[in-house]
Amino acid sequence: MNESLIVNLSIIILFLPLLGFVTLIFLGKWIKKLHLFEVFILGLALILSIVVMYAKLSFYNVKDIVAAFTWISMGNAPAIGSINIELGIKIDNITAIMLVVVNLISFLVHMFSIEYMRGDKRYTRYFAYLGVFTFSMLGIVLTHNFLMMYIYWELVGLSSYLLIGFWFEKKSASDAAKKAFIVNRIGDIGMFIGILILFTQYKTFTFDVIFQQIGLGNLPFNSTAWLTAAGILIFMGAVGKSAQFPLHVWLPDAMEGPTPVSALIHAATMVAAGVYLCVRIFVMLTADAMLVIAVVGAFTSLIAATIALTQNDIKKVLAYSTVSQLGYMVMSVGVGAYTFAFFHLVTHAFFKACLFLGSGSVIHAMHHEQDIRNMGGLRKKLPITYYTFLISTVAISGVPFTSGFLSKDGILAGTLAFGKLTSHWLIPAMGFLVAAMTAFYMFRLVILTFHGEPRDHHKYEHAHESPFVMVAPLVVLATLSIFIWYTPNPFAPADGWFLKNWVKTPAQVTPVQTRFEFMKPSTEEAKAEVHGEITHSVEYTETMHWAHYPAMILSLIVAGLGILIAFMFYQWKKISADKLAEKLKTLYKLSLNKWYLDEIYDATAVSGTLGFGSILAWFDNKIVDGIVNGSAHVTQLVSKFSNLFDTYVVDGFVNFTAFFSGFVGLSFRRLQTGKVQTYIIFVVFSIIILLLIFKPF
Amino acid sequence: MIGFPILSLITFLPILGMFIILALPKEQPKNVKYLTLAITAIQVVLAIILLANYNYSAAGIYDEKSFQFIEKFRWINITGISWLGTVKIDYFMGVDGLSTPMVLLTALISFIATLSSWTIEKSVKGYFALFLLLDAGMMGVFVALDFFLFYIFWELMLLPMYFLIGIWGGPRKEYAAIKFFIYTLFGSVFILLVMIGLYFSATELMQDGARVHTFNMLALMNPANYSPDGILSALNPNNLRLIAYIALFAGFAIKIPMFPFHTWLPDAHVEAPTPISVILAGVLLKMGTYGILRISYPMFPDITRQLMWYIALFGMINIIYGALVALAQKDFKKLIAYSSVSHMGYVLLGMASLTTVGINGAIFQMFNHGTITAMLFLIVGVIYDRTHTRGLNDFGGLATQMPVYTGFVTVAFFAAIGLPSMSGFVSEALVFLGAFGVELIRVLTMISTLGILLGAGYMLWTLQRIFFGPLNEKWASLKDLDGREYAMFIPLTIIIIFLGVYPSGMLNIMNTSVNSLVSFVTTTIHSTSLGGL
Amino acid sequence: MLQVGLTHFLVVSAILFSLGIYGIVTRKNAVMVLMGIELVLNSANINFVAFAKYGNYGLGGQIIALFVIILAAAEAAIALAIVLNIYKTFANVNVDEIDKLKE
C-alpha cells in the first residue's frame, strides 16, 4: 500500500458524503428511498477509512502522509514575496483514528436515523444534512493547514445550524440554531485572528511549516507574548466549538435538534473538533496559553457538572455531561496530558454517542417524552437499550474495565502530576470533584429512567423496544466502551497499543523559556535513563509514574462515592432529594437555572448589542441623515432668501435701469419735433457753441 | 486580440438598443423586453469573449502597452484659438485586471436585472430605454481610460437612474430620487474640480514632440508629466494635493457609500424597483471603490500612503456601523441596504492595506458583493412581488410554503455571512489577511472582525423571522419560484459557489494588475515634506 | 485805396451763408427752403474759389466749385421733383405740416 493510494482513498472518503449530500438535495424529490444511498455511502466511507487507518498504523506508523495543492497564488507580491495559499491533507495517526471514529459514528447514526426519523416530512433532507456534516467533519480531521481547518470549521457550524434548526417550525429550535451559530462565531473570530497572526508572520497556513518556523525561533512579531496570544486566540475557536465556558451556552440548547444529531454532532464528533484543534496546536502552546486552557477546561467541566446534577430533561443531562467531559479533555491538553486528551476524545465519542442514541431510543419508545420525571421502570420494556445505556454510563463514570476508566484515569493522573509540578492544585481538585459528580448524575439518570416504578403508566404501556436498526448501533457503541479495544491491561492505559504505539506526545516547538519547567526536553543522559522520552523532562515522567496509582485509587473512590450517593437518593430512597433541594434552595436554583448564564447574556451582550444597534439606527436616521436633509433644508432656505434678493435687489436694479431709460427717453422726446428747421437750428447753434468752446482758430 | 472594437461595442450596444426601443411602437411591450434581454445577453457573450481573449499576465494600471483591447483615437481637437490653447481629448478605452472583473460583473448584473424587470408594467418602453442607457453608462465608466470620458460616463448614468427611481419607485420615490441625484452630483463636482486641476498641472508628450495638457489617466499617473509649478504637481507635492485627494475621495466615497455619506443608499434602495436596487447595489456602488483604485491611488500615491490609516478607519466604521444599524432594521430591504454599507467597508479596509493580498481581496469583494447583494435584493423582490410587504415581522414560516426559495435564500444569506465554500468568505478572508499584515492598521482590522459576528447576527435573525417558526396563515397560498426566477437565481448561485471553491478563477485575472498597482502606489513619489495631517 | 482781399470774399460768403441759413430756418415753403440751401452752397463756392485764388492750392478750389454747382443743379432737380410729389400728395409744400414720419 503506497502513500498516494492512502491519499487518494482519504480524498474519496472526504468527498463521498458530499456526493451523498448533492445527490439527495437535487434528486431526493424524485427518487424514493434515496436516503439509503446516503447510508450506503457512509458504509463505504467507513470501510475505506478502516483500510486507511490500518495502512497508516501498520505501514506508516511514524511517517505523516501529506498532499497539498496551491489554491490561491498571488504571484510575486511587492514587498512581501510570493504568496501561495495551499490546501491539502495530512494523515498522521490521529487523523487516521479520527477518520474511523467519525465515519463509524456517522454510519451508526445514519442507520439509527432510518427508523428514528421515519415519517418526518423532510426525511431525505435530513440525510442530506447529515452527509454535509460528515463531509465537513472529515475535512477538519484531514486538513494540513489552518485555513482549511477554519473553512471546515465554519462548514460544520453550518451543518450544525441546519440540523439543530431541522424542526424550524418550533421557535425554540430556530432560536437554538441561531444561538449555536452566533456563539460559535464569537469563538471563531478569536480563532481567525489567531490564524491572521500566524499568517502575517509565516505567509503560510500549513501546520508543519509554521511549527517548524516556531521551532527555529521565528516567533510572531518576534515576541513570545504574540505566540501566547496566537495560541489562546486559536483556542477560542475550540472554546466556541467545544462549548467551553463562557461560550458553552449553545450546546444544551442545541438539543432541540433530532436526537441522533445530538449524538453525532453535539456529543461525539463536532464538539470534539475543538479538542482536536487543541491537540493539533499543542506543540505551539506556551506555558501561559496552556495554563489558560487548563483553567478554562477545568472550570467548564465543574460548572457543567454542577448544572447536570439537577436537570430533568434526559437530553439536557447528557448535554451538560458532554460539556463537562469536553472540559475534561481541554483541561487535559492544558496540563500537558496530550495523549489522554485525544484518548478521552475517542472513548468519549463512543460512549457518549451510545448514551445519546440510547436516550433517542427511550424518547422514541416514549413518544417524544424527554422528562425523566415521567419515566422509570423502562428496564423491562427496553432491555437492550437499558444494558447498552448502563455500560456507557459505567464507562463515563470511570468504573474499571471500561474505556472511560482508562482515559479518565489518565487525565486525572495528568492533572495530579501537573498539580504537583506547578502547585496549581486547584485543577486536580476540580477534576476529582467533577469525577464524583459525573458518576452521581449519570446514575441518577439511569435510575430515574430505567429503574423503579413507571411514573407515567400511559406512556409506559405503549413503550416498546426499538427495532433492529436502532439497537444495533447501541450494541456496537457499547461494545466499543470496553477496555479491550484499547489495551490488554485494564489498569494500565499507557501500556495499550492505543497509547503506546499509535498516539504519542509530540515535541513542543515553543521557545524553551516559554514552556513549563516539566515540558522542557530532558538531557541526553536522562533520556537514556527513561527510554527515549524527549518531550517532557525526566521529572515529569517520574511524576506521572508517581501519580498513576494515587489517581486511580482516588478516582475509584470518588466514582464509587458518586454512584453510591445516586443509589441512596434515587434507588433506595434513603435520603430525599427534594428535601435536600429545599434545604439548599439557592444552590439548587442556581444549578437548575444553569447559573442564570443565559439570562445574564441576554441582559448584557445580546440586548446591549441590539440596543446599541437601535441607538445607532436612530443616530443614522436622525443625525446623519438629518444633517443631509438639514443641509437640503438650509439650501432651500438660502435659495428662498436669494429669491427675495433676486426679486427685489438684482431684478430691482434691472427694472430701475429700464425705468430710468424710459424716463430720460420721455424727457428728450419733446426735442423731437419732427420739424427739419428746428433740427437745423440745433445744428447751427451746436456748431457755434462747439466753435466757441474749442476755439480751433 | 480580437478583430473588432469589443469595448466600444459592449458599451454602445445598449445605446443602439435604446434607439431601437424608442422606435418601436408602444403597443409591443413584450418585444421591448425581449430586445433588452437580447442586448444584455449579447453583452454577457461579449464579456465572455473578452475574458477568453484576456491575457492574464498583462498588468495595465499605469502602462499603456500592457492594457488590453485598447481603443484610442483623437476625439476632441481644438487648436488655433489663442486664448484657449490646444485642447486634445482622446477617446481612450482599455481594460486591465482592475476593470475586467467589473466589466464581467456589469454584464452579468444587467442581464439578471433585465430578467427581474419582467414584472414592470408601467410605461415599459421608457423604462427599458432608460435601463439600457444606464447600462451603457456603467459599462463606460469601467472601460474608460481618459478622465474626461470617464467623467462623461459617470454623469451619464446618473440621469437614467434618477428617472428609474423617480418614476418606477415606491411611495417616496421623488424624495429618494432627488436625494440620490443631488448627493451624487454633489460628489461629482469634487471629481470635476480635481479633474480640471490635474488637467492644468500635467502635460502629455504628443507624437509631434509638443507637450499638451491632457486628461489621459495614464499620463496623469506619471509624475514626470507634471510641471513643477502646476497646482497639483506631483513633482513638487504641496498641501493642495492633499486637499484635492480628499475632495476626490469624497466624490467617490459618496458612491461607495462611505460613512457618513451613506444615507442616500437606504432611501434609494427602499424606493427603487427591485431590478434597479439590484443594479444599484450590484454595480453602482463599485464605481466608487473602482474610481479610488483607478484614479485616486495611482495619481496620488503619496497622499494615499499618508492617509491609509484614515481609509482603514472609515472601512472599519462602515463594517461595524453598517452591521449594527442593519441589526435594528425592521424593513427587509433596508436591512439589506445597510448590510451593503457593511460589506463595502471590507472593500475599503482591504484597499487601505496597500498590499497585494488586501487589494486582491478588496476587488474580489467588489465582485462578490455585486453577485451576493444582487441576489439578496432579488430575494426581497420575490417576496415583495407576492406579498407587497417587506416588514421583517410580517412573515414567519415561509420555509414550509416556499422550500426552493428558502434554499436560495439560505445560500445567499450564508454567502453574505461569509461562509466558506462561498465567494464572500474568500474575499473577506483576503481582506483581513492583507489588512492584518500591516502594522499601522492591525488594531482596526481586529475590531473589524467583529463585523463577521454581527453579520451572522442580523442575517440569521432575518432568516428566522421570515422563514422559520409556524407558518403565518396569511401567506398560506404563496407560490414557490417560477421559471423566470429560477433563471435569475441559478447563475448567481453557481457563480457564488464556484468562486468560493475556485477563487483563482477570478483572482488570477486581477492579480498581475494588483501587484503592479501595489508596487506603483508604494514606490512612486517619495515625499515626506507634506504638512497637514 | 481799398484793396479787395480774401477777407472781403469771406465776408460776402459769410453774409450769403447766413442769409441762406436764415432762409432755410424761417421759410415754410419747401421751395424757399431749397433756395436757402442754394445760397449756402454758393457761399461755400465763393469760399473755395477765394481760397484757390489767394492760397497756393492750384486749381483744386475752382474744380470743386464746378462740382458743387453741378451737384447743386442735380440736387435742385431731385429736390424739386420731391417737392412736386409732396405737393401732389398733400396739396401742400409747407415743411411744418409734412410730419407723417413722426408718427
# chains A, B, ... in the order shown; residues from 1 in each chain; ligands from 1
$ residues_around --residues "segment 42-49 of chain C" --least-positions-apart "5" --cutoff "8 Å" --atoms "only C-alpha atoms" --output "PyMOL selection string"
chain C and resi 9-10+12-14+16-17+61-62+64-65+68-69
$ residues_around --residues "Pro246 of chain A" --least-positions-apart "3" --cutoff "10 Å" --atoms "only C-alpha atoms" --output "MDAnalysis selection string"
chainID A and resid 183 239:240 243 249 296 299:300 597 601
$ write_last_selection --atoms "N, CA, C and O atoms" --output "PDB file, in the first residue's frame"
ATOM      1  N   VAL A 183     -22.950  32.080  18.689  1.00  0.00           N
ATOM      2  CA  VAL A 183     -21.997  31.874  19.790  1.00  0.00           C
ATOM      3  C   VAL A 183     -20.707  31.264  19.250  1.00  0.00           C
ATOM      4  O   VAL A 183     -19.605  31.650  19.645  1.00  0.00           O
ATOM      5  N   VAL A 239     -13.047  26.969  22.220  1.00  0.00           N
ATOM      6  CA  VAL A 239     -13.980  27.364  23.277  1.00  0.00           C
ATOM      7  C   VAL A 239     -15.396  27.420  22.706  1.00  0.00           C
ATOM      8  O   VAL A 239     -16.351  26.963  23.330  1.00  0.00           O
ATOM      9  N   GLY A 240     -15.506  27.963  21.505  1.00  0.00           N
ATOM     10  CA  GLY A 240     -16.828  28.015  20.887  1.00  0.00           C
ATOM     11  C   GLY A 240     -17.312  26.637  20.496  1.00  0.00           C
ATOM     12  O   GLY A 240     -18.373  26.191  20.911  1.00  0.00           O
ATOM     13  N   ALA A 243     -17.778  24.093  23.223  1.00  0.00           N
ATOM     14  CA  ALA A 243     -18.686  24.547  24.271  1.00  0.00           C
ATOM     15  C   ALA A 243     -17.988  24.706  25.610  1.00  0.00           C
ATOM     16  O   ALA A 243     -18.428  24.168  26.623  1.00  0.00           O
ATOM     17  N   VAL A 249     -22.994  27.957  26.349  1.00  0.00           N
ATOM     18  CA  VAL A 249     -24.448  28.038  26.468  1.00  0.00           C
ATOM     19  C   VAL A 249     -25.220  27.504  25.273  1.00  0.00           C
ATOM     20  O   VAL A 249     -26.399  27.199  25.382  1.00  0.00           O
ATOM     21  N   VAL A 296      -9.618  27.041  31.871  1.00  0.00           N
ATOM     22  CA  VAL A 296     -10.921  27.083  31.177  1.00  0.00           C
ATOM     23  C   VAL A 296     -11.546  25.694  31.180  1.00  0.00           C
ATOM     24  O   VAL A 296     -12.740  25.532  31.489  1.00  0.00           O
ATOM     25  N   PHE A 299     -12.677  24.631  34.760  1.00  0.00           N
ATOM     26  CA  PHE A 299     -13.833  25.401  35.208  1.00  0.00           C
ATOM     27  C   PHE A 299     -15.092  24.978  34.459  1.00  0.00           C
ATOM     28  O   PHE A 299     -16.159  24.813  35.049  1.00  0.00           O
ATOM     29  N   THR A 300     -14.929  24.757  33.138  1.00  0.00           N
ATOM     30  CA  THR A 300     -16.074  24.317  32.340  1.00  0.00           C
ATOM     31  C   THR A 300     -16.605  22.993  32.846  1.00  0.00           C
ATOM     32  O   THR A 300     -17.814  22.820  33.025  1.00  0.00           O
ATOM     33  N   LEU A 597     -26.811  31.911  33.395  1.00  0.00           N
ATOM     34  CA  LEU A 597     -25.901  32.488  32.405  1.00  0.00           C
ATOM     35  C   LEU A 597     -26.638  33.000  31.171  1.00  0.00           C
ATOM     36  O   LEU A 597     -26.345  34.068  30.652  1.00  0.00           O
ATOM     37  N   TYR A 601     -26.438  36.711  29.783  1.00  0.00           N
ATOM     38  CA  TYR A 601     -26.009  37.052  28.428  1.00  0.00           C
ATOM     39  C   TYR A 601     -27.088  37.843  27.706  1.00  0.00           C
ATOM     40  O   TYR A 601     -26.818  38.818  27.017  1.00  0.00           O
TER      41      TYR A 601
END
$ interface_residues --of "chain A" --to "chain B" --cutoff "6 Å" --atoms "only C-alpha atoms" --output "list in words"
Ile72, Ala77, Pro78, Ile151, Phe168, Glu169, Lys170, Lys171, Arg185, Leu196, Thr200, Gly613, Ser614, Leu616, Ala617 and Asp625 of chain A
$ select_by_dssp --residues "segment 310-483 of chain B" --states "alpha helix (DSSP H)" --output "number ranges by chain"
B: 310-327, 332-352, 356-387, 398-401, 403-417, 423-436, 442-448, 450-467, 483
$ interface_residues --of "chain C" --to "chain A" --cutoff "12 Å" --atoms "only C-alpha atoms" --output "number ranges by chain"
C: 17-18, 20-30, 33, 36-37, 94-103
$ write_last_selection --atoms "N, CA and C atoms" --output "mmCIF file, in the first residue's frame"
data_model
loop_
_atom_site.group_PDB
_atom_site.id
_atom_site.type_symbol
_atom_site.label_atom_id
_atom_site.label_comp_id
_atom_site.auth_asym_id
_atom_site.auth_seq_id
_atom_site.Cartn_x
_atom_site.Cartn_y
_atom_site.Cartn_z
ATOM 1 N N PHE C 17 -24.003 132.984 -46.588
ATOM 2 C CA PHE C 17 -24.260 131.775 -45.794
ATOM 3 C C PHE C 17 -25.349 132.057 -44.779
ATOM 4 N N SER C 18 -25.196 133.177 -44.082
ATOM 5 C CA SER C 18 -26.150 133.498 -43.035
ATOM 6 C C SER C 18 -27.538 133.706 -43.635
ATOM 7 N N GLY C 20 -28.603 132.394 -46.321
ATOM 8 C CA GLY C 20 -29.079 131.036 -46.691
ATOM 9 C C GLY C 20 -29.688 130.319 -45.504
ATOM 10 N N ILE C 21 -28.929 130.278 -44.357
ATOM 11 C CA ILE C 21 -29.413 129.595 -43.158
ATOM 12 C C ILE C 21 -30.718 130.206 -42.710
ATOM 13 N N TYR C 22 -30.734 131.551 -42.745
ATOM 14 C CA TYR C 22 -31.928 132.243 -42.335
ATOM 15 C C TYR C 22 -33.118 131.801 -43.163
ATOM 16 N N GLY C 23 -32.866 131.731 -44.493
ATOM 17 C CA GLY C 23 -33.928 131.304 -45.378
ATOM 18 C C GLY C 23 -34.395 129.873 -45.048
ATOM 19 N N ILE C 24 -33.441 128.995 -44.822
ATOM 20 C CA ILE C 24 -33.788 127.588 -44.541
ATOM 21 C C ILE C 24 -34.646 127.492 -43.290
ATOM 22 N N VAL C 25 -34.229 128.251 -42.272
ATOM 23 C CA VAL C 25 -34.863 128.087 -40.983
ATOM 24 C C VAL C 25 -36.229 128.751 -40.962
ATOM 25 N N THR C 26 -36.318 129.890 -41.579
ATOM 26 C CA THR C 26 -37.546 130.645 -41.380
ATOM 27 C C THR C 26 -38.628 130.350 -42.397
ATOM 28 N N ARG C 27 -38.284 130.024 -43.625
ATOM 29 C CA ARG C 27 -39.323 129.833 -44.644
ATOM 30 C C ARG C 27 -40.071 128.555 -44.403
ATOM 31 N N LYS C 28 -41.365 128.628 -44.674
ATOM 32 C CA LYS C 28 -42.150 127.423 -44.516
ATOM 33 C C LYS C 28 -42.324 126.717 -45.851
ATOM 34 N N ASN C 29 -42.241 127.487 -46.894
ATOM 35 C CA ASN C 29 -42.389 126.891 -48.206
ATOM 36 C C ASN C 29 -41.159 126.092 -48.559
ATOM 37 N N ALA C 30 -41.355 124.875 -49.003
ATOM 38 C CA ALA C 30 -40.242 123.993 -49.305
ATOM 39 C C ALA C 30 -39.370 124.562 -50.404
ATOM 40 N N VAL C 33 -37.074 127.040 -48.921
ATOM 41 C CA VAL C 33 -36.019 126.327 -48.180
ATOM 42 C C VAL C 33 -34.949 125.852 -49.145
ATOM 43 N N GLY C 36 -32.726 128.612 -50.043
ATOM 44 C CA GLY C 36 -31.757 128.851 -48.958
ATOM 45 C C GLY C 36 -30.589 127.906 -49.075
ATOM 46 N N ILE C 37 -30.874 126.664 -49.342
ATOM 47 C CA ILE C 37 -29.815 125.676 -49.485
ATOM 48 C C ILE C 37 -28.878 126.085 -50.615
ATOM 49 N N ASN C 94 -45.759 123.033 -47.361
ATOM 50 C CA ASN C 94 -45.341 123.585 -46.081
ATOM 51 C C ASN C 94 -44.592 122.536 -45.250
ATOM 52 N N VAL C 95 -43.295 122.812 -45.028
ATOM 53 C CA VAL C 95 -42.480 121.768 -44.358
ATOM 54 C C VAL C 95 -42.958 121.475 -42.939
ATOM 55 N N ASP C 96 -43.579 122.437 -42.282
ATOM 56 C CA ASP C 96 -44.049 122.183 -40.916
ATOM 57 C C ASP C 96 -45.162 121.150 -40.846
ATOM 58 N N GLU C 97 -45.900 121.087 -41.921
ATOM 59 C CA GLU C 97 -47.069 120.219 -41.835
ATOM 60 C C GLU C 97 -46.825 118.826 -42.397
ATOM 61 N N ILE C 98 -45.693 118.703 -43.061
ATOM 62 C CA ILE C 98 -45.387 117.354 -43.606
ATOM 63 C C ILE C 98 -44.588 116.595 -42.557
ATOM 64 N N ASP C 99 -45.288 116.026 -41.572
ATOM 65 C CA ASP C 99 -44.574 115.314 -40.485
ATOM 66 C C ASP C 99 -45.154 113.915 -40.301
ATOM 67 N N LYS C 100 -45.527 113.333 -41.423
ATOM 68 C CA LYS C 100 -46.066 111.960 -41.338
ATOM 69 C C LYS C 100 -45.063 110.979 -40.720
ATOM 70 N N LEU C 101 -43.754 111.147 -40.981
ATOM 71 C CA LEU C 101 -42.743 110.205 -40.461
ATOM 72 C C LEU C 101 -42.644 110.222 -38.944
ATOM 73 N N LYS C 102 -43.151 111.338 -38.350
ATOM 74 C CA LYS C 102 -43.040 111.439 -36.903
ATOM 75 C C LYS C 102 -43.909 110.385 -36.219
ATOM 76 N N GLU C 103 -44.984 110.058 -36.917
ATOM 77 C CA GLU C 103 -45.890 109.112 -36.269
ATOM 78 C C GLU C 103 -45.246 107.746 -36.049
#
$ atom_distance --atom1 "atom CA of Trp30 of chain A" --atom2 "atom CA of Tyr123 of chain A"
13.2 Å
$ atom_distance --atom1 "atom CA of Gly376 of chain A" --atom2 "atom CA of Ile105 of chain A"
28.0 Å
$ residues_around --residues "segment 215-232 of chain A" --least-positions-apart "6" --cutoff "7 Å" --atoms "only C-alpha atoms" --output "list in words"
Gly194, Ile197, Leu198, Gln201, Met284, Leu285, Thr286, Asp288, Ala289, Val509, Thr510 and Pro511 of chain A
$ residues_around --residues "His369 of chain B" --least-positions-apart "3" --cutoff "12 Å" --atoms "only C-alpha atoms" --output "VMD selection string"
chain B and resid 102 105 109 256 278 to 286 336 to 337 339 to 347 361 to 366 372 to 377 412 to 413 415 to 418 422 to 428 492 495 to 496
$ write_last_selection --atoms "N, CA and C atoms" --output "compact mmCIF listing (two decimals), in the first residue's frame"
# COMPACT_ATOMS: atom_id res chain seq x y z
N MET B 102 -14.96 44.02 -13.22
CA MET B 102 -16.12 44.92 -13.15
C MET B 102 -16.94 44.86 -14.44
N LEU B 105 -18.91 41.78 -14.19
CA LEU B 105 -19.98 41.97 -13.23
C LEU B 105 -21.12 42.79 -13.84
N ILE B 109 -24.84 41.44 -14.15
CA ILE B 109 -25.92 42.02 -13.34
C ILE B 109 -26.97 42.67 -14.25
N ILE B 256 -19.77 54.99 -2.74
CA ILE B 256 -19.46 53.64 -2.20
C ILE B 256 -20.61 53.00 -1.45
N VAL B 278 -31.05 46.11 -7.58
CA VAL B 278 -30.03 45.13 -7.94
C VAL B 278 -28.85 45.82 -8.62
N ILE B 279 -29.16 46.68 -9.58
CA ILE B 279 -28.09 47.38 -10.30
C ILE B 279 -27.35 48.33 -9.37
N LEU B 280 -28.13 49.02 -8.56
CA LEU B 280 -27.55 49.99 -7.64
C LEU B 280 -26.53 49.30 -6.73
N ALA B 281 -26.97 48.22 -6.11
CA ALA B 281 -26.08 47.54 -5.17
C ALA B 281 -25.03 46.74 -5.91
N GLY B 282 -25.45 46.15 -7.03
CA GLY B 282 -24.55 45.24 -7.71
C GLY B 282 -23.42 45.95 -8.44
N VAL B 283 -23.73 47.07 -9.06
CA VAL B 283 -22.72 47.70 -9.90
C VAL B 283 -22.36 49.11 -9.44
N LEU B 284 -23.38 49.92 -9.18
CA LEU B 284 -23.11 51.34 -8.95
C LEU B 284 -22.17 51.59 -7.77
N LEU B 285 -22.39 50.83 -6.70
CA LEU B 285 -21.55 51.06 -5.52
C LEU B 285 -20.09 50.78 -5.82
N LYS B 286 -19.86 49.88 -6.78
CA LYS B 286 -18.48 49.50 -7.09
C LYS B 286 -17.74 50.62 -7.79
N ILE B 336 -31.01 44.90 4.05
CA ILE B 336 -30.04 44.51 3.03
C ILE B 336 -29.22 45.73 2.62
N ALA B 337 -29.88 46.89 2.55
CA ALA B 337 -29.15 48.10 2.17
C ALA B 337 -28.03 48.39 3.18
N SER B 339 -26.65 46.23 5.11
CA SER B 339 -25.63 45.19 5.01
C SER B 339 -24.68 45.52 3.87
N SER B 340 -25.17 46.20 2.85
CA SER B 340 -24.29 46.66 1.77
C SER B 340 -23.26 47.63 2.30
N VAL B 341 -23.72 48.55 3.13
CA VAL B 341 -22.79 49.51 3.73
C VAL B 341 -21.69 48.75 4.46
N SER B 342 -22.13 47.76 5.23
CA SER B 342 -21.16 46.98 5.99
C SER B 342 -20.19 46.26 5.06
N HIS B 343 -20.73 45.65 4.01
CA HIS B 343 -19.86 44.85 3.15
C HIS B 343 -18.91 45.71 2.33
N MET B 344 -19.34 46.92 1.97
CA MET B 344 -18.42 47.78 1.23
C MET B 344 -17.28 48.24 2.14
N GLY B 345 -17.53 48.21 3.45
CA GLY B 345 -16.46 48.52 4.39
C GLY B 345 -15.28 47.58 4.24
N TYR B 346 -15.57 46.32 3.94
CA TYR B 346 -14.47 45.38 3.73
C TYR B 346 -13.61 45.81 2.55
N VAL B 347 -14.28 46.33 1.53
CA VAL B 347 -13.53 46.78 0.35
C VAL B 347 -12.58 47.90 0.75
N GLY B 361 -8.20 41.07 -2.30
CA GLY B 361 -9.42 40.79 -1.54
C GLY B 361 -10.46 41.86 -1.78
N ALA B 362 -10.01 43.12 -1.83
CA ALA B 362 -10.97 44.21 -1.99
C ALA B 362 -11.68 44.12 -3.34
N ILE B 363 -10.92 43.90 -4.40
CA ILE B 363 -11.57 43.83 -5.72
C ILE B 363 -12.46 42.59 -5.81
N PHE B 364 -11.94 41.52 -5.25
CA PHE B 364 -12.73 40.29 -5.25
C PHE B 364 -14.01 40.52 -4.45
N GLN B 365 -13.89 41.24 -3.37
CA GLN B 365 -15.08 41.55 -2.56
C GLN B 365 -16.05 42.42 -3.34
N MET B 366 -15.50 43.33 -4.17
CA MET B 366 -16.38 44.14 -5.01
C MET B 366 -17.22 43.25 -5.91
N ILE B 372 -23.60 38.73 -4.65
CA ILE B 372 -24.35 38.29 -3.47
C ILE B 372 -25.47 39.28 -3.16
N THR B 373 -25.14 40.58 -3.16
CA THR B 373 -26.17 41.54 -2.82
C THR B 373 -27.23 41.61 -3.90
N ALA B 374 -26.82 41.42 -5.14
CA ALA B 374 -27.83 41.35 -6.20
C ALA B 374 -28.82 40.25 -5.87
N MET B 375 -28.29 39.14 -5.44
CA MET B 375 -29.17 38.02 -5.11
C MET B 375 -30.07 38.38 -3.93
N LEU B 376 -29.49 39.06 -2.94
CA LEU B 376 -30.30 39.43 -1.77
C LEU B 376 -31.45 40.35 -2.17
N PHE B 377 -31.16 41.30 -3.05
CA PHE B 377 -32.24 42.20 -3.45
C PHE B 377 -33.28 41.49 -4.31
N ALA B 412 -27.82 32.53 -0.25
CA ALA B 412 -27.43 33.94 -0.33
C ALA B 412 -27.05 34.49 1.03
N PHE B 413 -27.84 34.15 2.03
CA PHE B 413 -27.57 34.68 3.37
C PHE B 413 -26.23 34.17 3.89
N ALA B 415 -23.80 33.16 2.14
CA ALA B 415 -22.74 33.79 1.35
C ALA B 415 -22.44 35.18 1.90
N ALA B 416 -23.51 35.89 2.29
CA ALA B 416 -23.32 37.23 2.83
C ALA B 416 -22.63 37.18 4.18
N ILE B 417 -22.91 36.15 4.94
CA ILE B 417 -22.25 36.00 6.24
C ILE B 417 -20.77 35.68 6.05
N GLY B 418 -20.42 35.20 4.89
CA GLY B 418 -19.03 34.82 4.66
C GLY B 418 -18.76 33.38 5.03
N MET B 422 -18.24 29.64 -0.15
CA MET B 422 -18.92 30.64 -0.97
C MET B 422 -17.95 31.80 -1.16
N SER B 423 -18.18 32.55 -2.24
CA SER B 423 -17.17 33.51 -2.65
C SER B 423 -16.90 34.59 -1.60
N GLY B 424 -17.95 34.97 -0.86
CA GLY B 424 -17.77 36.05 0.11
C GLY B 424 -16.70 35.74 1.13
N PHE B 425 -16.58 34.50 1.51
CA PHE B 425 -15.58 34.15 2.51
C PHE B 425 -14.17 34.44 2.02
N VAL B 426 -13.91 34.04 0.79
CA VAL B 426 -12.53 34.19 0.29
C VAL B 426 -12.14 35.66 0.29
N SER B 427 -13.05 36.49 -0.22
CA SER B 427 -12.67 37.90 -0.30
C SER B 427 -12.53 38.52 1.08
N GLU B 428 -13.45 38.19 1.99
CA GLU B 428 -13.32 38.75 3.33
C GLU B 428 -12.04 38.26 4.00
N LEU B 492 -26.45 33.15 -10.48
CA LEU B 492 -25.77 33.80 -9.36
C LEU B 492 -25.29 32.77 -8.34
N ILE B 495 -22.24 31.03 -9.62
CA ILE B 495 -21.03 31.86 -9.56
C ILE B 495 -20.54 31.99 -8.13
N ILE B 496 -21.47 32.19 -7.20
CA ILE B 496 -21.07 32.37 -5.81
C ILE B 496 -20.34 31.13 -5.31
$ atom_distance --atom1 "atom CA of Leu474 of chain A" --atom2 "atom CA of Ile384 of chain A"
8.2 Å
$ residues_around --residues "Val404 of chain B" --least-positions-apart "5" --cutoff "12 Å" --atoms "only C-alpha atoms" --output "PyMOL selection string"
(chain A and resi 25-26+29) or (chain B and resi 379+398-399+409-411+467+479-483+485-486+489-490)
$ residues_around --residues "segment 315-320 of chain A" --least-positions-apart "3" --cutoff "9 Å" --atoms "only C-alpha atoms" --output "JSON, numbers by chain"
{"A": [251, 252, 253, 254, 255, 259, 262, 266, 267, 301, 303, 304, 305, 306, 307, 308, 309, 310, 311, 312, 323, 324, 325, 352, 355, 356, 359, 360, 370, 371, 441, 442, 445]}
$ residues_around --residues "segment 10-24 of chain B" --least-positions-apart "6" --cutoff "12 Å" --atoms "only C-alpha atoms" --output "VMD selection string"
chain B and resid 4 30 to 50 69 93 to 94 103 to 104 106 to 107 110 to 111 123 to 144 153 156 to 157 160
